[in-house]
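Undergrad: Submitted below is the structure of interest, expressed as structure tokens.
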Amino acid sequence: MLGMSANSVSYNDQGSVESGVDAAQENSSIPGSISSSSGAAFSLFSADYKKNEDLKEMLESSKESLKLEAMKRIVGLIAKGKNASELFPAVVKNVASKNIELKKLVYVYLVRYAEEQQDLALLSISTFQRALKDPNQLIRASALRVLSSIRVPIIVPIMMLAIKEAATDLSPYVRKTAAHAIQKLYSLDPDQKEHLIEVIEKLLKDKSTLVAGSVVMAFEEVCPDRIDLIHKNYRKLCNLLVDVEEWGQVVIIHMLTRYARTQFVSPWKEDAVFDENSEKAFYDSEEERKVEQSNLYIMDPDHRLLLRNTKPLLQSRNTAVVMAVSQLYWHLAPKHELNIITKSLVRLLRSHREVQYVVLQNIATMSIQRKGMFEPFMKSFYVRSTDATHIKTLKLEILTNLANEANISTILREFQTYVKSQDKAFAAATIQAIGRCATNISEVTDTCLNGLVLLLSNRDETVVAESVVVIKKLLQTQPSQHSDIIKHMAKLFDNITVPMARASILWLMGEYCEHVPKIAPDVLRKMAKTFTNEEDIVKLQIVNLAAKLYLTNSKQTKLLTQYILNLGKYDQNYDIRDRTRFIRQLIVPNEKSGALSKYARRILMAPKPAPVLQSAFKDRDRFQLGTLSHTLNTQASGYLELSDWPAVAPDQSVRNVEVVEPVKEAGAPALRKSKPAKSHEKFYSDSEEEEEEEEEKEGSSSEDSSNSSSEESASESESEENSGDSNRSSSSQSEKSSSESDSEKKKKTLKNKKLQQQKPDSKDRKQKNGNAVKVESRSESESGSESSSSESSSESGSELDSDSDSGTDQKKNTKPKPVQSKAVIKQVEKKEVSLLDLDDFSPAPVTTPKSSILSPNLLSDLQGLLISPTTSALQASFPVFVPETSHELLHRMTGKGLSGQYRFTRQPCIYGNSMVSLQLTLSNSSDQALENIHISEKSSTGQNIHRFNAIERLEPQASVTVSMGIDFNDSTQAANFQLCTKEDEFSVSIQPAVGELLLPITMSEADFTKEQGKLVGMNESSATITMTPENLSSQSVNRKVVSVANIGVIPSSQENIYRFAGKTVSSGSLVLVSVALKDPDAVITINTEKTVMSSMLLRQFKTALTNSSP
Amino acid sequence: MIHSLFLVNASGDIFLEKHWKSVVSRSVCDYFFEALERATEPENVPPVISTPHHYLINVLRHRIYFVAVIQSEVPPLFVIEFLHRVVDTFQDYFGVCTEAAIKDNVVVVYELLEEMLDNGFPLATESNILKELIKPPTILRTVVNTITGSTNVGEQLPTGQLSVVPWRRTGVKYTNNEAYFDVIEEIDAIIDKSGSTITAEIQGVIDACVKLTGMPDLTLSFMNPRLLDDVSFHPCVRFKRWEAERILSFIPPDGNFRLLSYHVSSQNLVAIPVYVKHNISFREGSSQGRFELTLGPKQTMGKAVESVLVSSQLPRGVLNANLNPSQGTYTFDPVTKLLSWDVGKINPQKLPSLKGSMSLQAGASKPDENPTINIQLKIQQLAISGLKVNRLDMYGEKYKPFKGIKYMTKAGKFQVRT
């Protein structure tokens, strides 16, 4: 306050005079300043008082220009936060001025002070009431704006009346103002809620884009729980959205996100292929068609409508709109459509610092769950030295989240630069990030540890302290493997001066003294010498170390310990003296210590839990993305929780509006009968019920009843639409209801539990399906949370349903076959292609067995025919699944026209038993022929590579496929070699996924259990995961597992336990995988000697089985 | 939504406040000042601050903090974006957005804020609409107003508010009809120690200055629209047309506006226009460090590299730098340790260099990290991605406008690690 007075003496002084004058009066805007400034101001009292009079005089003069000038100065006062309330009577007189600028300034003043001067403010009301009838819409609107901003409770009825009137105004601008006024009145008097909701309901029907945003805002503020008001306006809002002004778009999108989560079923089902066709018929969209499959989830056309209409807004210049659409997609879109938001989010990173901050936070949350979305844009998150610290740490967080086996080396290289940053807080954060990478990615644990150990010699204290802490954490998780690092730290110990770091090392020595039995006593010996010169924190740890060594290795250290305890006894610091005394009593048995010393070992050497290194954004996803609560990571006031998907979609006909949308008929009429019968029935009863409710509530209006009657007809056409394409949709309907029952299960009501037992049956044995569906639909009506009257009606509907379903069952049984056989053919074709270049190798079976089709017995029989048995128990088998994805070896830009792709054929390699076979496709995209393409002899890095024969000549635009073998030696280390042409050499590398280092084998279940029994303890690793419901079927488990790793399926006699076996290519070690489903969890167990591999495999299985996308 | 707004200057004084709902005491800003004190740099203040009863969302532009007070849940970007729009509007009205300009025009500022928000919800943010409601202050208008007593506040509702093209005002008239488009591209890059590119990408914008009479409908097409990977449009651009034909079709706002911003697809290799040879070294134990920097043009498509400015944050241990530029001038601020070298134009025959020594604090140890070098530059008449405008057509009006397209390449966040 005082600091500012230098800038504007006149105004400031005046303000302080007033505060002196009004000292008794309540003055909320400038507390604290009163006492400090009033004393100084009194000397100027007379002069300033005049000035105030001046303003009054000017306001009372007859000259407009003088009045205007006075008002401008008063607004200046308000802007500075000065109190100008005593001018109120003088100002309020001018409220009816003809001069529009003067009038506006008076409005500004009024709104600011009306709350404090309520009686005087009432003088102006009549002016506004008159202005509300003005022919000029701007004047009407601004009158309503000011009237509703005057926070005087007495005028609430007048405001209510004005709002109701303005809501029916011809000008959409005035109606928009009315929507704003609703919120103002609500905050002034919450008792008006019911009346205001009526106005909101009316305004929601408004077709003007101008009104839409504002009224939805009012809806969110006043009655966010009245979802029922949205139903009828849902489609209109979706369609208007693009034309609404940008701020309204944000509000509407957020509201619709919440709405959609209560009205549609989850699209996040496994194998869900989205049936765009029924919707296409409905909306006649231009979107591309998607391949049909047997397993269908039909997205509600309204759900699709929302997604489609928001998508163009990703291109908005308004960052808030882009973020709103992104969060909508994140919360509502099927997972495979999510990628379209990535680019837009990354684009926002170019915006202002504050925008970056919020967007990066949201990306951080997303990247934990879905790495793949942002991995291609990893480089956009590289830190620049000019970034603000909080931006840097967020980028670091995201990079850490994105780290995986493939990119970890790049990320670590980048981190190395960051560690050296001058911004030490950031450097420390980087060290923690390295620690997290090290725990997450086991391949680099050692590298990271070594890097961190090097940092111990850093000069900066924060860096050293942070590294020691991180190393400590890392070692705590796996101390046994890293005794050499502890040794190394012991060696470095002499050079480290930072007390914190020294203390941490000593703690490590003591904690893991069993791993370094020789060094620890030696360190203690050294410390005994320097004890007196150490810092307190180090001394404490020396005592600690001595005590621990005394307990484990008293022979060598007894004397040393006593010496140190003696030193500690006479230390200057009482903490150290106390600790020494305590330790002595604890470890040295004597008559006084009694029982305690017996437990000394258990007290000191108790296993300490390893700290968990995880992202700070791990649980942020409990908040809706893009919200304030998400940014703050605490629930902000007024935060509206995003509900979970309903298990059963509520009646969709409620969104139908009187105007029947143009409907195209599609599908065979014959099969339509059964289904519509059900839905019709159901819709009918529901709408009836709704009508009843409405009647109860507010007395039915004629409008309502006409609504519902036309709605009936609309719902009929709608349901016909839904049945859409005859058999597809009906089968999918039944599928849907079974999936509904899946989610139903979670509720675990007693009744349901009983029913569940029938459920697996219904999946396998289709004959029973009708029965099962019936049961489920009953549970559906239970959970429907409808009133009891609806239950009976919907139940009768489901009875009908069951009949119809049994009819469609046959369809369902027959349908999968052609699809699957197609898949087989496709695979065979693919095989043949790959066989072309393996001249003398023809082991491929005519039909590659897919475990899901052929019974496992037949599978092993077939294999028995084709390959001579190697051992009785272990038979090599053929890959169950061959992924078609190829990886880039060489890009045409870097290869000067030569490009290369490779893929894993998953076949036993013909060049060597320990090799992984690969297929290489080389193409020439330059305009000259390339000659003599080969792999250079000299360059390979350790791996044994079987090269392909040199290609003499590759014509332009031609491509050639060759095969090669690489012995990866059972490690995922990339094979680097030189691909040469006549002129050039390109270094390329092939990075195998761990699953590719295996070959499938087949064995009997008994053998499997036997082998598994041999590989226990260290060789067994397991994890419990929560399966997404769509992953629960046996097919999907099998497919997911074999797509990750090249292993064979073992027949299993137990249900819910799936077994797979394979061997590593190079060393032939057994890899046994079993997945036991314990609804809803699953336990994955991997038994193998190759522990590194098993942990990598385990992680990949985890992600594969928990991810819902196929 | 937005409850109140406080403007805070660099020295931490509140110099303007505006409330849209009931008054919030300015003592709420104490939480902001606390955060300001804790932050080492002005940029390090967290944009969102939580206080017991309110939430403060702030943006920093032109060394002024715009602190918005929020009472309940609202998308933070909503507020941030709005605050930036406020700053843009101020800039548009007053030419600059400084404390002095705001104080001088406090009444216009107040009128603007009053129009931009109603009850904390944005009401009119389009510059064309605002300018009809509140005329921007000009010297001439001020003089005229004082003589005639007329005001600079519009009496009628701007037509744009109600029309389907809210961004354009009606009744626009010009004697010279002209439309200028500037294609400006920025290269963001990180170059590592050895001179290889770690990451590089091109971002571009098309800024337009359109002064056309009536309601012109323009189409702008590119020779190579495929280059544009990710785009964001001014609301005037018809999205469907772009999706279908890759043509920008729009009824432009009157005056200056940003038509399009885009990102060039990352598959295209980015040409790096300059290279930097550097040798910055500190020796252990000595209080001297060596500094050598040479700039040279690399892939400039034959165009001259101009307005080159090199800046670098030297390590804290550096006391002073004694350097010798072959061209241009350099400054070193011993307090902030910021070295900046205004190179000007790069002459390929005689490469600019900056050589000399740095003196270090006596006894201080050798800095861990070498400084990064930030480069700014301009290349006229070149869009580095190769983007070319094919043609610009106008429909809906009879006259023949004058059309102009200008290309320019700049360095965005261009950093060289040493």
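Note on naming: chains are A, B, ... as they come in the structure tokens, residues start from 1 per chain, ligands start from 1 in the order shown.
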Only residues of chain A matter here; which ones have an atom within 6 Å of chain B, counting only C-alpha atoms? Give them as a list in words.

TA: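 Interface list for chain A against chain B: Ser29, Ala79, Lys80, Glu101, Leu138, Gln315, Ser316, Arg317, Ala320, Glu354, Ala388, Lys420, Gly626, Thr627, Leu628, Ala636, Ser637, Gly638 and Tyr639 of chain A.
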
Undergrad: Have a look at B:Lys298, B:Arg226, B:Lys400, B:Lys410 and name the one nearest to Gln376 (chain B); count only C-alpha atoms.

TA: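 For Gln376 (chain B), the nearest of the candidates is B:Lys410.
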
Undergrad: Would you list, as a PyMOL selection string, the residues of region 127-300 of chain B that end up in strand (DSSP E) under DSSP run on this structure's backbone?

TA: chain B and resi 178-191+197-211+217-222+228-233+247-250+255-264+274-282+288-297

Undergrad: Near Thr331 (chain B), counting only C-alpha atoms, which residues have an atom at most 12 Å away, once you skip same-chain residues fewer than 4 positions from it, shown as a ChimeraX atom specification?

TA: /B:309-313,320-325,335-343,354

Undergrad: To one decimal in Å, tell me the separation between CA of His231 (chain A) and CA of Lys205 (chain A).

TA: 10.8 Å

Undergrad: Compile the contact shell of Val172 (chain B) as a PyMOL selection string: residues with an atom at most 8 Å away, counting only C-alpha atoms, same-chain residues fewer than 2 positions apart removed.

TA: chain B and resi 169-170+174+212-214+254
